[in-house]
file query-v9.cif (mmCIF, C-alpha atoms)
data_upload
loop_
_atom_site.label_atom_id
_atom_site.label_comp_id
_atom_site.auth_asym_id
_atom_site.auth_seq_id
_atom_site.Cartn_x
_atom_site.Cartn_y
_atom_site.Cartn_z
CA MET X 42 -2.94 -28.97 14.70
CA ILE X 43 0.74 -28.36 13.99
CA GLN X 44 3.82 -30.50 14.53
CA VAL X 45 6.40 -29.38 17.09
CA ILE X 46 9.76 -30.93 16.24
CA LYS X 47 12.67 -30.79 18.68
CA ASP X 48 15.05 -33.41 17.33
CA LYS X 49 16.53 -34.16 13.92
CA VAL X 50 15.27 -30.88 12.50
CA LEU X 51 17.44 -31.01 9.37
CA LEU X 52 16.35 -34.58 8.73
CA ASP X 53 12.68 -33.56 8.83
CA ILE X 54 13.36 -30.67 6.46
CA ALA X 55 15.29 -32.92 4.07
CA GLY X 56 12.35 -35.34 4.02
CA ARG X 57 9.96 -32.52 3.14
CA ARG X 58 12.14 -31.35 0.28
CA ASP X 59 12.63 -34.90 -1.02
CA ARG X 60 8.86 -35.41 -1.14
CA GLN X 61 8.50 -32.19 -3.13
CA LYS X 62 11.20 -33.24 -5.59
CA LEU X 63 9.45 -36.57 -6.13
CA TYR X 64 6.11 -34.89 -6.76
CA GLN X 65 5.14 -35.54 -10.38
CA GLY X 66 1.79 -33.82 -10.46
CA ASP X 67 -1.57 -35.21 -11.49
CA PRO X 68 -1.32 -37.27 -14.72
CA GLU X 69 -4.98 -36.64 -15.52
CA LEU X 70 -4.58 -32.88 -15.12
CA THR X 71 -1.42 -32.99 -17.25
CA GLU X 72 -3.30 -34.73 -20.04
CA ARG X 73 -6.30 -32.37 -19.82
CA VAL X 74 -3.98 -29.37 -20.08
CA ARG X 75 -2.13 -30.94 -23.01
CA THR X 76 -5.42 -31.46 -24.83
CA ILE X 77 -6.42 -27.82 -24.35
CA ILE X 78 -3.02 -26.49 -25.45
CA ASP X 79 -2.89 -28.72 -28.53
CA ASP X 80 -6.41 -27.68 -29.49
CA VAL X 81 -5.71 -23.93 -29.20
CA ALA X 82 -2.36 -24.30 -30.99
CA ARG X 83 -4.01 -26.21 -33.84
CA ARG X 84 -7.41 -24.53 -34.28
CA GLY X 85 -6.74 -21.06 -32.91
CA LEU X 86 -9.64 -18.75 -32.12
CA PRO X 87 -12.52 -21.27 -32.37
CA ALA X 88 -10.75 -23.57 -29.89
CA LEU X 89 -9.92 -20.68 -27.55
CA LEU X 90 -13.54 -19.53 -27.47
CA SER X 91 -14.77 -23.07 -26.92
CA HIS X 92 -12.58 -23.55 -23.85
CA ILE X 93 -13.33 -20.09 -22.47
CA GLN X 94 -17.06 -20.82 -22.71
CA ALA X 95 -16.59 -24.19 -21.02
CA PHE X 96 -14.34 -23.11 -18.17
CA ASP X 97 -14.55 -19.32 -17.71
CA SER X 98 -17.67 -17.62 -18.99
CA PRO X 99 -20.36 -18.98 -21.35
CA VAL X 100 -21.12 -15.51 -22.75
CA ILE X 101 -17.67 -14.78 -24.21
CA LYS X 102 -17.70 -14.58 -28.01
CA VAL X 103 -15.48 -12.98 -30.65
CA GLN X 104 -17.20 -9.63 -30.11
CA ASN X 105 -16.40 -9.39 -26.39
CA LEU X 106 -13.21 -11.44 -26.15
CA TRP X 107 -11.16 -8.32 -25.48
CA VAL X 108 -11.93 -5.71 -22.84
CA THR X 109 -12.77 -2.46 -24.62
CA PRO X 110 -11.02 0.86 -23.88
CA GLN X 111 -14.38 2.17 -22.71
CA GLU X 112 -14.67 -0.66 -20.15
CA ILE X 113 -11.17 0.08 -18.85
CA ASP X 114 -11.91 3.81 -18.58
CA ALA X 115 -15.24 3.17 -16.84
CA ALA X 116 -13.66 0.82 -14.28
CA HIS X 117 -10.96 3.36 -13.56
CA ALA X 118 -13.43 6.23 -13.20
CA ALA X 119 -15.60 4.21 -10.81
CA LEU X 120 -12.73 3.40 -8.44
CA ALA X 121 -13.14 5.02 -5.02
CA PRO X 122 -10.67 7.89 -4.47
CA GLU X 123 -9.05 6.21 -1.46
CA SER X 124 -8.56 2.98 -3.44
CA LEU X 125 -6.98 4.91 -6.30
CA MET X 126 -4.64 6.67 -3.87
CA ALA X 127 -3.57 3.34 -2.35
CA LEU X 128 -3.03 1.87 -5.82
CA ARG X 129 -0.89 4.84 -6.87
CA LEU X 130 1.14 4.69 -3.68
CA ALA X 131 1.90 1.02 -4.35
CA ILE X 132 2.87 1.84 -7.95
CA LYS X 133 5.22 4.55 -6.69
CA PHE X 134 7.08 2.25 -4.30
CA ILE X 135 7.18 -0.71 -6.67
CA SER X 136 8.39 1.47 -9.55
CA GLU X 137 11.13 3.11 -7.48
CA TYR X 138 12.39 -0.27 -6.30
CA HIS X 139 12.48 -1.84 -9.74
CA ALA X 140 14.01 1.26 -11.38
CA LYS X 141 17.17 0.53 -9.37
CA GLN X 142 17.41 -2.91 -11.01
CA VAL X 143 17.80 -1.66 -14.58
CA PRO X 144 21.26 -2.87 -15.72
CA GLN X 145 23.65 -0.99 -17.98
CA GLY X 146 25.46 -2.46 -20.96
CA TRP X 147 29.23 -2.28 -21.11
CA GLN X 148 32.21 -2.66 -23.40
CA HIS X 149 35.82 -3.57 -22.65
CA ASP X 150 38.89 -2.79 -24.73
CA VAL X 151 41.12 -5.79 -25.42
CA LEU X 152 44.59 -5.96 -26.98
CA SER X 153 45.13 -2.96 -29.28
CA GLY X 154 42.10 -1.61 -31.05
CA SER X 155 39.65 -4.47 -30.36
CA LEU X 156 36.67 -4.57 -28.03
CA VAL X 157 34.10 -6.91 -26.53
CA GLY X 158 30.91 -6.05 -24.70
CA LEU X 159 27.37 -6.80 -23.62
CA ARG X 160 24.11 -5.06 -24.43
CA TYR X 161 20.65 -5.44 -22.92
CA GLN X 162 17.46 -5.37 -24.93
CA PRO X 163 13.84 -5.74 -23.75
CA LEU X 164 11.59 -8.53 -24.94
CA ASP X 165 9.16 -7.40 -27.63
CA ARG X 166 5.93 -8.82 -26.21
CA VAL X 167 5.02 -10.16 -22.78
CA GLY X 168 1.83 -11.84 -21.60
CA VAL X 169 0.83 -11.37 -17.95
CA TYR X 170 -1.62 -13.86 -16.47
CA VAL X 171 -3.77 -12.42 -13.68
CA PRO X 172 -6.03 -14.78 -11.72
CA GLY X 173 -9.65 -13.69 -11.65
CA GLY X 174 -13.24 -14.74 -11.85
CA ARG X 175 -14.61 -14.55 -8.31
CA ALA X 176 -11.76 -12.46 -6.83
CA ALA X 177 -9.59 -9.52 -7.84
CA TYR X 178 -5.80 -9.42 -7.82
CA PRO X 179 -4.64 -5.94 -8.81
CA SER X 180 -1.34 -6.61 -7.02
CA SER X 181 -0.58 -9.29 -9.65
CA VAL X 182 -1.00 -6.63 -12.34
CA LEU X 183 1.43 -4.27 -10.62
CA MET X 184 4.08 -6.82 -9.69
CA ASN X 185 4.28 -8.30 -13.18
CA VAL X 186 3.70 -5.28 -15.39
CA ILE X 187 5.87 -2.70 -13.61
CA PRO X 188 9.20 -4.55 -13.96
CA ALA X 189 8.34 -5.27 -17.61
CA ARG X 190 7.75 -1.57 -18.16
CA MET X 191 11.00 -0.69 -16.37
CA ALA X 192 12.81 -3.08 -18.71
CA GLY X 193 11.34 -1.24 -21.68
CA VAL X 194 9.00 -3.96 -22.98
CA PRO X 195 6.92 -2.13 -25.61
CA GLU X 196 3.85 -4.41 -25.50
CA VAL X 197 2.36 -6.00 -22.39
CA VAL X 198 -0.89 -7.96 -22.70
CA VAL X 199 -2.92 -9.11 -19.71
CA ALA X 200 -4.99 -12.30 -19.77
CA THR X 201 -7.52 -12.82 -17.01
CA PRO X 202 -10.75 -14.84 -16.77
CA ALA X 203 -14.04 -13.01 -16.88
CA GLY X 204 -16.87 -13.77 -14.51
CA LYS X 205 -19.95 -15.68 -15.63
CA ASP X 206 -21.39 -12.34 -16.77
CA GLY X 207 -18.48 -11.85 -19.16
CA LYS X 208 -16.98 -8.96 -17.21
CA VAL X 209 -13.50 -8.58 -15.75
CA HIS X 210 -13.22 -7.30 -12.19
CA PRO X 211 -13.05 -3.48 -12.34
CA LEU X 212 -10.18 -3.30 -9.84
CA VAL X 213 -7.98 -5.34 -12.19
CA LEU X 214 -8.91 -3.04 -15.07
CA ALA X 215 -8.21 0.08 -13.01
CA ALA X 216 -4.79 -1.26 -12.09
CA ALA X 217 -4.12 -2.11 -15.74
CA LYS X 218 -4.92 1.45 -16.81
CA GLU X 219 -2.65 2.89 -14.11
CA VAL X 220 0.33 0.94 -15.47
CA GLY X 221 -0.44 1.57 -19.12
CA VAL X 222 -1.95 -1.76 -20.18
CA THR X 223 -4.49 -1.32 -22.97
CA ARG X 224 -5.05 -4.94 -24.08
CA VAL X 225 -6.85 -7.30 -21.70
CA LEU X 226 -7.87 -10.74 -22.95
CA LYS X 227 -10.86 -12.36 -21.24
CA ALA X 228 -9.36 -15.82 -20.89
CA GLY X 229 -8.23 -17.93 -17.96
CA GLY X 230 -6.60 -21.26 -17.23
CA ALA X 231 -4.65 -23.36 -19.71
CA GLN X 232 -6.52 -21.82 -22.64
CA ALA X 233 -5.21 -18.36 -21.74
CA VAL X 234 -1.61 -19.59 -21.51
CA ALA X 235 -1.97 -21.40 -24.85
CA ALA X 236 -3.43 -18.29 -26.49
CA LEU X 237 -0.55 -16.14 -25.26
CA ALA X 238 2.07 -18.69 -26.30
CA PHE X 239 0.75 -19.65 -29.74
CA GLY X 240 -1.36 -16.66 -30.69
CA PHE X 241 -4.60 -16.82 -32.67
CA GLU X 242 -6.40 -14.94 -35.41
CA GLY X 243 -5.67 -11.23 -34.87
CA PHE X 244 -3.17 -11.80 -32.07
CA ALA X 245 0.53 -12.60 -32.43
CA PRO X 246 2.18 -14.81 -29.78
CA VAL X 247 4.15 -13.25 -26.94
CA ASP X 248 7.78 -13.95 -26.09
CA LYS X 249 7.23 -14.69 -22.40
CA VAL X 250 4.32 -15.63 -20.12
CA VAL X 251 4.47 -14.52 -16.49
CA GLY X 252 2.08 -14.44 -13.58
CA PRO X 253 0.57 -16.76 -10.97
CA GLY X 254 -2.34 -19.14 -11.39
CA ASN X 255 -3.95 -22.38 -10.37
CA ALA X 256 -2.72 -25.88 -11.15
CA TYR X 257 -3.99 -25.64 -14.74
CA VAL X 258 -2.09 -22.41 -15.35
CA THR X 259 1.10 -23.78 -13.79
CA GLU X 260 0.95 -26.98 -15.81
CA ALA X 261 0.21 -25.04 -18.98
CA LYS X 262 3.26 -22.84 -18.40
CA ARG X 263 5.33 -25.98 -17.93
CA GLN X 264 4.11 -27.37 -21.24
CA VAL X 265 4.59 -24.21 -23.34
CA TYR X 266 8.08 -23.53 -21.98
CA GLY X 267 10.44 -23.65 -24.92
CA VAL X 268 7.84 -22.26 -27.27
CA VAL X 269 7.93 -19.16 -25.07
CA ALA X 270 9.82 -18.23 -21.93
CA ILE X 271 8.09 -18.33 -18.54
CA ASP X 272 8.87 -16.71 -15.22
CA LYS X 273 8.71 -19.73 -12.89
CA LEU X 274 6.56 -22.68 -11.90
CA ALA X 275 4.94 -21.60 -8.68
CA GLY X 276 3.89 -24.11 -6.04
CA PRO X 277 1.99 -23.41 -2.81
CA THR X 278 3.23 -20.40 -0.88
CA ASP X 279 5.45 -20.80 2.18
CA LEU X 280 6.77 -18.72 5.08
CA THR X 281 9.47 -19.27 7.67
CA ILE X 282 9.94 -17.20 10.82
CA VAL X 283 13.14 -17.23 12.87
CA ALA X 284 12.37 -15.80 16.31
CA ASP X 285 14.34 -15.38 19.51
CA HIS X 286 13.33 -14.20 23.00
CA SER X 287 12.63 -10.69 21.67
CA ALA X 288 9.70 -11.85 19.53
CA ARG X 289 6.12 -11.30 20.63
CA ALA X 290 3.78 -14.25 20.25
CA PRO X 291 0.83 -12.24 18.81
CA ARG X 292 3.01 -10.88 15.99
CA VAL X 293 4.49 -14.30 15.21
CA ALA X 294 1.04 -15.90 15.15
CA ALA X 295 -0.38 -13.16 12.93
CA GLU X 296 2.37 -13.65 10.34
CA LEU X 297 1.92 -17.42 10.28
CA ILE X 298 -1.85 -17.08 9.88
CA ALA X 299 -1.54 -14.44 7.16
CA GLN X 300 0.52 -16.75 4.96
CA ALA X 301 -1.43 -19.90 5.81
CA GLU X 302 -4.73 -18.34 4.70
CA HIS X 303 -3.57 -18.28 1.06
CA ASP X 304 -4.23 -21.95 0.39
CA PRO X 305 -4.79 -25.25 2.24
CA ASP X 306 -1.48 -26.42 0.75
CA SER X 307 0.49 -23.45 2.14
CA GLU X 308 3.35 -24.24 4.52
CA VAL X 309 4.45 -22.13 7.48
CA PHE X 310 7.37 -22.74 9.82
CA LEU X 311 8.56 -21.25 13.08
CA ILE X 312 12.19 -21.86 14.03
CA THR X 313 13.24 -20.74 17.49
CA PRO X 314 15.88 -21.40 20.15
CA TYR X 315 13.52 -19.89 22.74
CA ALA X 316 11.30 -22.80 23.85
CA PRO X 317 8.66 -20.73 25.76
CA LEU X 318 7.70 -19.04 22.51
CA VAL X 319 6.26 -22.22 20.99
CA PRO X 320 3.28 -22.75 23.34
CA ALA X 321 2.66 -19.00 23.45
CA VAL X 322 2.39 -18.84 19.65
CA LEU X 323 0.16 -21.94 19.53
CA THR X 324 -2.19 -20.30 22.04
CA GLU X 325 -2.19 -17.08 20.04
CA ILE X 326 -3.00 -18.88 16.82
CA MET X 327 -6.06 -20.48 18.42
CA ARG X 328 -7.19 -17.10 19.73
CA GLN X 329 -6.70 -15.24 16.45
CA LEU X 330 -8.39 -17.97 14.40
CA LYS X 331 -11.71 -17.71 16.23
CA ASP X 332 -13.24 -15.05 13.99
CA LEU X 333 -11.06 -15.40 10.89
CA PRO X 334 -13.14 -15.81 7.69
CA ARG X 335 -10.63 -18.29 6.20
CA LYS X 336 -10.18 -20.27 9.40
CA GLU X 337 -10.71 -23.66 7.74
CA ILE X 338 -8.03 -22.97 5.12
CA VAL X 339 -5.53 -21.92 7.79
CA GLU X 340 -6.20 -25.04 9.85
CA LYS X 341 -5.56 -27.28 6.86
CA ALA X 342 -2.31 -25.47 6.07
CA LEU X 343 -1.14 -25.70 9.67
CA GLY X 344 -1.81 -29.43 9.60
CA HIS X 345 1.22 -30.03 7.38
CA SER X 346 3.38 -27.19 8.72
CA ALA X 347 5.86 -27.36 11.61
CA PHE X 348 7.45 -25.54 14.53
CA TYR X 349 11.14 -26.33 15.05
CA GLU X 350 12.83 -25.95 18.42
CA VAL X 351 16.60 -25.61 17.98
CA ALA X 352 19.52 -25.16 20.36
CA SER X 353 20.82 -21.87 18.92
CA LEU X 354 20.33 -19.21 16.30
CA ALA X 355 23.19 -20.81 14.35
CA GLN X 356 21.10 -23.99 14.07
CA ALA X 357 18.11 -21.87 13.10
CA TYR X 358 20.06 -20.39 10.19
CA ASP X 359 21.08 -23.89 9.06
CA ALA X 360 17.42 -24.89 9.09
CA VAL X 361 16.45 -21.82 7.05
CA ASN X 362 19.07 -22.58 4.42
CA ALA X 363 17.80 -26.15 4.22
CA LEU X 364 14.20 -24.96 3.79
CA ALA X 365 15.13 -22.22 1.26
CA PRO X 366 11.86 -20.41 2.04
CA GLU X 367 9.85 -18.21 -0.25
CA HIS X 368 9.31 -15.68 2.57
CA LEU X 369 11.59 -15.35 5.60
CA VAL X 370 10.86 -13.14 8.61
CA LEU X 371 13.73 -12.56 11.03
CA MET X 372 12.17 -11.60 14.37
CA THR X 373 15.41 -11.39 16.31
CA GLU X 374 17.25 -8.75 18.31
CA ARG X 375 19.67 -8.04 15.45
CA PRO X 376 17.83 -9.05 12.27
CA LYS X 377 20.19 -7.26 9.90
CA ASP X 378 23.13 -9.23 11.30
CA ALA X 379 21.10 -12.43 11.09
CA MET X 380 20.39 -11.82 7.40
CA PHE X 381 24.04 -12.36 6.51
CA HIS X 382 23.82 -15.96 7.71
CA ILE X 383 21.07 -16.65 5.16
CA ARG X 384 22.06 -18.05 1.76
CA HIS X 385 18.69 -19.21 0.46
CA ALA X 386 15.50 -17.14 0.74
CA GLY X 387 13.24 -15.41 -1.76
CA ALA X 388 12.18 -12.35 0.25
CA ILE X 389 13.57 -11.44 3.69
CA PHE X 390 11.67 -9.27 6.16
CA LEU X 391 13.77 -7.82 8.96
CA GLY X 392 12.58 -7.24 12.51
CA HIS X 393 9.31 -7.20 14.39
CA ASP X 394 7.65 -4.45 12.37
CA SER X 395 8.03 -5.69 8.78
CA PRO X 396 4.90 -7.72 7.96
CA VAL X 397 5.04 -9.81 4.79
CA ALA X 398 1.79 -8.16 3.67
CA LEU X 399 3.79 -4.98 3.06
CA GLY X 400 5.77 -6.89 0.47
CA ASP X 401 2.66 -8.50 -0.97
CA TYR X 402 1.10 -5.18 -1.87
CA MET X 403 3.05 -2.02 -1.37
CA ILE X 404 6.59 -1.40 -0.24
CA GLY X 405 8.55 -2.24 -3.40
CA PRO X 406 10.18 -5.69 -3.66
CA ASN X 407 8.41 -8.10 -5.97
CA HIS X 408 6.01 -10.65 -4.52
CA VAL X 409 6.52 -13.15 -7.37
CA LEU X 410 8.94 -15.43 -5.53
CA PRO X 411 10.52 -18.90 -5.70
CA THR X 412 8.46 -21.54 -3.88
CA MET X 413 8.98 -25.16 -2.77
CA GLY X 414 12.66 -24.71 -1.90
CA THR X 415 13.62 -23.26 -5.28
CA ALA X 416 15.15 -20.22 -3.56
CA ARG X 417 18.28 -22.40 -3.63
CA TYR X 418 18.74 -21.28 -7.23
CA ALA X 419 16.09 -18.64 -7.99
CA GLY X 420 15.04 -15.22 -6.80
CA PRO X 421 12.18 -12.72 -7.09
CA LEU X 422 10.78 -11.59 -10.42
CA GLY X 423 12.59 -8.47 -11.56
CA VAL X 424 13.57 -6.24 -14.43
CA ALA X 425 16.20 -8.72 -15.66
CA ASP X 426 13.43 -11.26 -16.33
CA PHE X 427 12.18 -9.04 -19.15
CA LEU X 428 15.57 -8.41 -20.75
CA LYS X 429 17.81 -10.48 -22.97
CA THR X 430 21.49 -9.95 -23.59
CA SER X 431 23.65 -9.91 -26.71
CA SER X 432 27.41 -10.01 -26.61
CA PHE X 433 29.41 -8.15 -29.24
CA THR X 434 32.97 -8.38 -30.53
CA GLN X 435 34.92 -6.12 -32.85
CA MET X 436 38.50 -7.08 -33.80
CA SER X 437 41.19 -4.96 -35.41
CA LYS X 438 43.14 -6.50 -38.31
CA GLU X 439 46.31 -6.47 -36.22
CA ASP X 440 44.74 -8.27 -33.27
CA LEU X 441 43.09 -10.86 -35.52
CA LYS X 442 46.44 -11.59 -37.15
CA MET X 443 48.09 -11.93 -33.75
CA LEU X 444 45.52 -14.44 -32.43
CA ALA X 445 44.67 -16.37 -35.60
CA ASN X 446 47.23 -19.16 -35.28
CA ASP X 447 46.40 -19.90 -31.63
CA VAL X 448 42.66 -19.95 -32.29
CA ALA X 449 43.17 -22.14 -35.38
CA LEU X 450 45.15 -24.57 -33.24
CA LEU X 451 42.25 -24.86 -30.77
CA ALA X 452 39.79 -25.36 -33.64
CA ARG X 453 41.88 -28.17 -35.12
CA LEU X 454 42.13 -29.84 -31.72
CA GLU X 455 38.34 -30.12 -31.90
CA GLY X 456 38.46 -31.36 -35.49
CA LEU X 457 36.88 -28.24 -36.99
CA GLU X 458 39.08 -27.41 -39.98
CA GLY X 459 36.56 -24.95 -41.42
CA HIS X 460 36.80 -22.91 -38.24
CA ALA X 461 40.58 -22.91 -38.46
CA ARG X 462 40.68 -21.80 -42.10
CA SER X 463 38.13 -19.00 -41.48
CA LEU X 464 40.71 -17.19 -39.36
CA ASN X 465 43.08 -16.61 -42.26
CA ILE X 466 40.66 -15.36 -44.96
CA PRO X 467 41.15 -11.61 -45.53
CA GLY X 468 38.17 -9.37 -44.83
#
call {"tool": "encode", "arguments": {"input": "query-v9.cif", "output": "structure tokens"}}
result
Amino acid sequence: MIQVIKDKVLLDIAGRRDRQKLYQGDPELTERVRTIIDDVARRGLPALLSHIQAFDSPVIKVQNLWVTPQEIDAAHAALAPESLMALRLAIKFISEYHAKQVPQGWQHDVLSGSLVGLRYQPLDRVGVYVPGGRAAYPSSVLMNVIPARMAGVPEVVVATPAGKDGKVHPLVLAAAKEVGVTRVLKAGGAQAVAALAFGFEGFAPVDKVVGPGNAYVTEAKRQVYGVVAIDKLAGPTDLTIVADHSARAPRVAAELIAQAEHDPDSEVFLITPYAPLVPAVLTEIMRQLKDLPRKEIVEKALGHSAFYEVASLAQAYDAVNALAPEHLVLMTERPKDAMFHIRHAGAIFLGHDSPVALGDYMIGPNHVLPTMGTARYAGPLGVADFLKTSSFTQMSKEDLKMLANDVALLARLEGLEGHARSLNIPG
């Protein structure tokens, strides 16, 4: 069911990452997405409705393309009190965490009477894609909208596919109301991304598209990048656990299963210097899978995952940094010390009592994370993703005069005489 690798661990990991780098996607899917995007960009609303009716819901028309305020209010009012309390608790933790990320602008005095600085400004309009249809993902609403709100984005629009009956899942609408979203577009897939990026009759395009989705959504985000900004291109989810002799097999197995049940293409890894843990975890996985509703999905994911036996925790940390996991759980005696050996990981969970599910839904850090080894250069979605910076410079006459000849010399070295002359024209 799962590979157990004891030798050449780093070589196996390098091979996995090389295969991911070489992955070029499905040419047919790429072309289908391009056709949809080009159609929506060119024809606008008629094209959007056509693709929504073909792929999302046949009953969506101009009149019910947007969720009404009454529908949002009704969904919120119908939410069970305990569900609303859980939603609000998650909002509290997520908001508190992201509030600490808000950066401050600064200015710095230079020479005598001059200054330079940096200011932060929020994006004007952001589109949040929320998967939908047969399932509800209110956590996607919270994790994408809350940091945008903390950044000060004045307009956040949600796009999510309606069911065949033309309705959006009430839990998504209730979450939207709780975080102040009033515009919800009933569109999914590539057509939703195209609508957000290019706009259509009655709707101006956004500046950035964020949020998870299927292969069509991911490919659409890839193709509209440059027209608008995007958060990241998400691949299948992955999890790595580093465990020593202090780890309990049932907990390790539960974490691996929880991540593997996302998708058949998910990857999970156990790295341990404690050899007896491997068979114990394998046994536990078999036991816990017996009555799991998504057993078949987990088994497929485990089929291309791996357990690595290493000689020491130092080798385990090397393996983690080579994998650059999306999620990392450190089930060791001193997890906080272990964390400082880690250079590449999206979200780190410390100890035996920090399930990844806490991060997925509630405790604060964002669950929109770098996948497929991209934690080498990327991190979680945050407030900074919804801000842009502007530098500013103000020179005094005296300081300009003092620097003009040196700057003109540099300009002339590059052959830019106009630049050089501009330094000596009185203001």
call {"tool": "atom_distance", "arguments": {"input": "query-v9.cif", "atom1": "atom CA of X:Val171", "atom2": "atom CA of X:Glu219"}}
result
15.4 Å
call {"tool": "closest_residue", "arguments": {"input": "query-v9.cif", "among": "X:Leu444, X:Ile312, X:Ala365, X:Val199", "to": "X:Val45", "atoms": "all atoms listed in the file"}}
result
X:Ile312
call {"tool": "residues_near_point", "arguments": {"input": "query-v9.cif", "point": "(-2.7, -18.4, -25.4)", "cutoff": "9 Å", "atoms": "only C-alpha atoms", "output": "PyMOL selection string"}}
result
chain X and resi 78+81-82+85+89+168+200+228+231-241+246-247
call {"tool": "residues_around", "arguments": {"input": "query-v9.cif", "residues": "stretch 313-326 of chain X", "least_positions_apart": "2", "cutoff": "6 Å", "atoms": "all atoms listed in the file", "output": "number ranges by chain"}}
result
X: 283-286, 290-291, 294, 328-330, 350-353
call {"tool": "closest_residue", "arguments": {"input": "query-v9.cif", "among": "X:Leu152, X:Leu464, X:Leu354, X:Ile298", "to": "X:Lys331", "atoms": "all atoms listed in the file"}}
result
X:Ile298
call {"tool": "resolve_selection", "arguments": {"input": "query-v9.cif", "expression": "the PyMOL selection byres ((chain X and resi 204) around 7)", "output": "JSON, numbers by chain"}}
result
{"X": [97, 98, 174, 175, 202, 203, 205, 206, 207, 208, 209]}
call {"tool": "resolve_selection", "arguments": {"input": "query-v9.cif", "expression": "the PyMOL selection byres ((chain X and resi 436) around 6)", "output": "ChimeraX atom specification"}}
result
/X:155,435,437
call {"tool": "closest_residue", "arguments": {"input": "query-v9.cif", "among": "X:Ala295, X:Leu86, X:Ala445, X:Ala425", "to": "X:Ala192", "atoms": "only C-alpha atoms"}}
result
X:Ala425
call {"tool": "axis_aligned_box", "arguments": {"input": "query-v9.cif", "around": "stretch 376-392 of chain X", "padding_each_side": "3 Å", "output": "AutoDock Vina command-line options"}}
result
--center_x 17.9 --center_y -13.2 --center_z 5.4 --size_x 18.4 --size_y 18.0 --size_z 20.3
call {"tool": "closest_residue", "arguments": {"input": "query-v9.cif", "among": "X:Tyr418, X:Trp107, X:Tyr402, X:Tyr349", "to": "X:Arg129", "atoms": "only C-alpha atoms"}}
result
X:Tyr402
call {"tool": "resolve_selection", "arguments": {"input": "query-v9.cif", "expression": "the PyMOL selection byres ((chain X and resi 263) around 12)", "output": "PyMOL selection string"}}
result
chain X and resi 66+71+74-75+78+231+234-235+238+250-251+256-262+264-275
call {"tool": "atom_distance", "arguments": {"input": "query-v9.cif", "atom1": "atom CA of X:Arg160", "atom2": "atom CA of X:Gly423"}}
result
17.6 Å
call {"tool": "closest_residue", "arguments": {"input": "query-v9.cif", "among": "X:Ala189, X:Ala355, X:Val370, X:Val194", "to": "X:Gly392", "atoms": "all atoms listed in the file"}}
result
X:Val370
call {"tool": "residues_near_point", "arguments": {"input": "query-v9.cif", "point": "(32.5, -5.5, -31.2)", "cutoff": "12 Å", "atoms": "only C-alpha atoms", "output": "number ranges by chain"}}
result
X: 147-151, 154-160, 431-437
call {"tool": "atom_distance", "arguments": {"input": "query-v9.cif", "atom1": "atom CA of X:Pro179", "atom2": "atom CA of X:Leu212"}}
result
6.2 Å
call {"tool": "closest_residue", "arguments": {"input": "query-v9.cif", "among": "X:Arg417, X:Leu422, X:Ser153, X:Asp165", "to": "X:Met443", "atoms": "all atoms listed in the file"}}
result
X:Ser153
call {"tool": "residues_around", "arguments": {"input": "query-v9.cif", "residues": "stretch 407-410 of chain X", "least_positions_apart": "6", "cutoff": "6 Å", "atoms": "only C-alpha atoms", "output": "PyMOL selection string"}}
result
chain X and resi 184+387+401+421-422
call {"tool": "write_last_selection", "arguments": {"input": "query-v9.cif", "atoms": "C-alpha atoms", "output": "compact mmCIF listing (two decimals), keeping the file's coordinate frame"}}
result
# COMPACT_ATOMS: atom_id res chain seq x y z
CA MET X 184 4.08 -6.82 -9.69
CA GLY X 387 13.24 -15.41 -1.76
CA ASP X 401 2.66 -8.50 -0.97
CA PRO X 421 12.18 -12.72 -7.09
CA LEU X 422 10.78 -11.59 -10.42
